[in-house]
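Report on the structure given below.
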Amino acid sequence: MNFREEQARKVAEIEKALARFLPKPRGYQKTVLEAMEYSLMAGGKRLRPMLAWETYRMLGGTGNVIWPFAAALEMIHTYSLVHDDLPAMDDDEYRRGRKTTHVVYGEAMGILAGDALLNYAFETAASAFDMEGEDVRAIGRAMQVLAAKAGVFGMIGGQAVDVESSGKIIDEEKLDFIYRLKTGALIECAMMMGAILAGASGEEVSAVETIATKVGAAFQIQDDILDVTGAAEVLGKPTHSDEKNEKTTYVTYKGLDAARSEVERLSREAVERLRELKPADPFLEELILSLIKREK
């Protein structure tokens, strides 16, 4: 298997799915629909829908029920970025190599585009109930996970604590809390939804959540590293934003070398747990390990 070629193929499949679910810009609300499309179709790693899809496949899923959930998850992730870039938050002008949504469409429309993506995500996920032959209980459970992991006890809760912590020295326990919710929650959501929709047992779903927690922590620490060492032209967004916003990170606590070691440790532990769960899934394993050396 050529991992990079397979990854590119899967990203292309995810892009097609996003385009299918996204509403076409028309009517009096055309501008906000255009802003939604501009934000969602800006590219990116598509890591969360890919993790959902691969976990679904690994655990025996063969249908199409994963797609509305994968698309919904990417809409939620995208709305969080749109709002994160706003002047009241990180005040960033570039994301994924181009102007941020609020810079192109104005701050008010940027807020509305984020709101619209969040709401449309749940419309999209709920469309799974219309799919014939699918387990409606599994769909309902996946909906519960999507709502919880995106909400005040998930991503939003982590972001709220992160905002309140800017400019303050926080302890490691609070930093771990922020990472687990702000970044880890949607990665946990991705893999848990894939497992649930594939018909996994409760024990398997719990094991998947543990694996995803490690992946999420590794991903966020690598983000911290790249904010210090990365190149803006590669990342597609400004560097040193954590310093600008006076945020405590794993790098400020432990230093770059320890941060790099932690990314590797967490990623390899996640792969070890994955191998205990099911027979080897070479692509999913390589996807997780690729986070160790990622440059964007």
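We label chains A, B, ... in the order they appear in the structure tokens, count residues from 1 in each chain, and number ligands from 1 in the order shown.
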
If you run DSSP on this backbone, which residues of segment 89-258 of chain A come out as strand (DSSP E), and could you give them as a PyMOL selection string?
-> chain A and resi 94-95+98-99

Mind dumping the selected residues with C-alpha atoms as a PDB file, in the first residue's frame?
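Dumped to again-v3.pdb:
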```pdb
ATOM      1  CA  TYR A  94      -5.545  33.174   6.773  1.00  0.00           C
ATOM      2  CA  ARG A  95      -6.724  29.579   7.050  1.00  0.00           C
ATOM      3  CA  ARG A  98      -6.446  31.598   1.837  1.00  0.00           C
ATOM      4  CA  LYS A  99      -8.350  34.450   3.457  1.00  0.00           C
TER       5      LYS A  99
END
```

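Using only C-alpha atoms, the nearest neighbour of Glu188 of chain A within the list A:Ile66, A:Ile170, A:Met155, A:Leu266 is A:Met155.
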
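Between Gly154 of chain A and the candidates A:Ala185, A:Asp130, A:Gly97, A:Met193, the tightest atom-to-atom separation, counting only C-alpha atoms, involves A:Ala185.
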
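From atom CA of His83 of chain A back to atom CA of Gly110 of chain A, the distance works out to 7.4 Å.
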
Could you work out how far atom CA of Ala42 of chain A lies from atom CA of Asp224 of chain A, giving the answer in Å with one decimal?
-> 22.2 Å

For Lys254 of chain A, the nearest of the candidates A:Glu172, A:Asp162, A:Glu209, A:Asp115, counting only C-alpha atoms | A:Glu172

Extract, using only C-alpha atoms, all DNA, RNA and protein residues at most 12 Å from Ala147 of chain A, discarding same-chain residues fewer than 4 positions from it, and format them as a list in words.
-> Phe69, Ala72, Leu73, Ile76, Leu118, Asn119, Ala121, Phe122, Ala125, Ala126, Gly140, Arg141, Ala142, Met143, Gly151, Val152, Phe153, Gly154, Met155, Ile156, Ala185, Leu186, Cys189, Ala190 and Met193 of chain A

Select from segment 37-69 of chain A every residue with an atom at most 10 Å from any atom of segment 7-31 of chain A, then for each give the shortest pair of atoms and their distance in Å to one decimal, using only C-alpha atoms, rows by chain and rising number, as a Markdown table.
```
| residue | atom | partner | partner_atom | distance |
| --- | --- | --- | --- | --- |
| A:Glu37 | CA | A:Leu22 | CA | 7.2 |
| A:Leu40 | CA | A:Leu18 | CA | 8.0 |
| A:Met41 | CA | A:Glu15 | CA | 7.6 |
| A:Gly43 | CA | A:Glu15 | CA | 8.2 |
| A:Gly44 | CA | A:Val11 | CA | 8.9 |
| A:Lys45 | CA | A:Val11 | CA | 7.4 |
| A:Arg46 | CA | A:Val11 | CA | 6.5 |
| A:Leu47 | CA | A:Val11 | CA | 8.7 |
| A:Pro49 | CA | A:Ile14 | CA | 7.3 |
| A:Met50 | CA | A:Lys10 | CA | 7.4 |
| A:Trp53 | CA | A:Ile14 | CA | 9.2 |
| A:Glu54 | CA | A:Lys10 | CA | 9.7 |
| A:Trp67 | CA | A:Ala17 | CA | 6.9 |
| A:Pro68 | CA | A:Phe21 | CA | 7.5 |
```

Within 7 Å of Ala270 of chain A using only C-alpha atoms, minus same-chain residues under 4 positions, as JSON, numbers by chain = {"A": [211, 214, 215, 266, 274]}

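The coordinates place atom CA of Thr249 of chain A at 13.1 Å from atom CA of Glu262 of chain A.
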
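When only C-alpha atoms are used to compute distances to Leu112 of chain A, the closest of the residues A:Glu34, A:Asp90, A:Glu6, A:Glu285 turns out to be A:Glu34.
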
Out of A:Met109, A:Gly60, A:Ala52, A:Ala70, which residue has the shortest atom-to-atom distance to Ser201 of chain A when counting only C-alpha atoms?
-> A:Gly60

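Residues in contact with Thr55 of chain A at 8 Å, where only C-alpha atoms are counted and same-chain residues fewer than 4 positions away are skipped, are listed as Leu51, Leu59, Met191, Gly194, Ala195 and Leu284 of chain A.
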
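With distances restricted to only C-alpha atoms, A:Asp84 is the closest residue to Gln159 of chain A from A:Glu5, A:Glu74, A:Glu295, A:Asp84.
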
Step one, run DSSP on the backbone; step two, keep only residues of segment 94-148 of chain A assigned to alpha helix (DSSP H); then write them as a ChimeraX atom specification.
-> /A:101-105,107-126,136-148
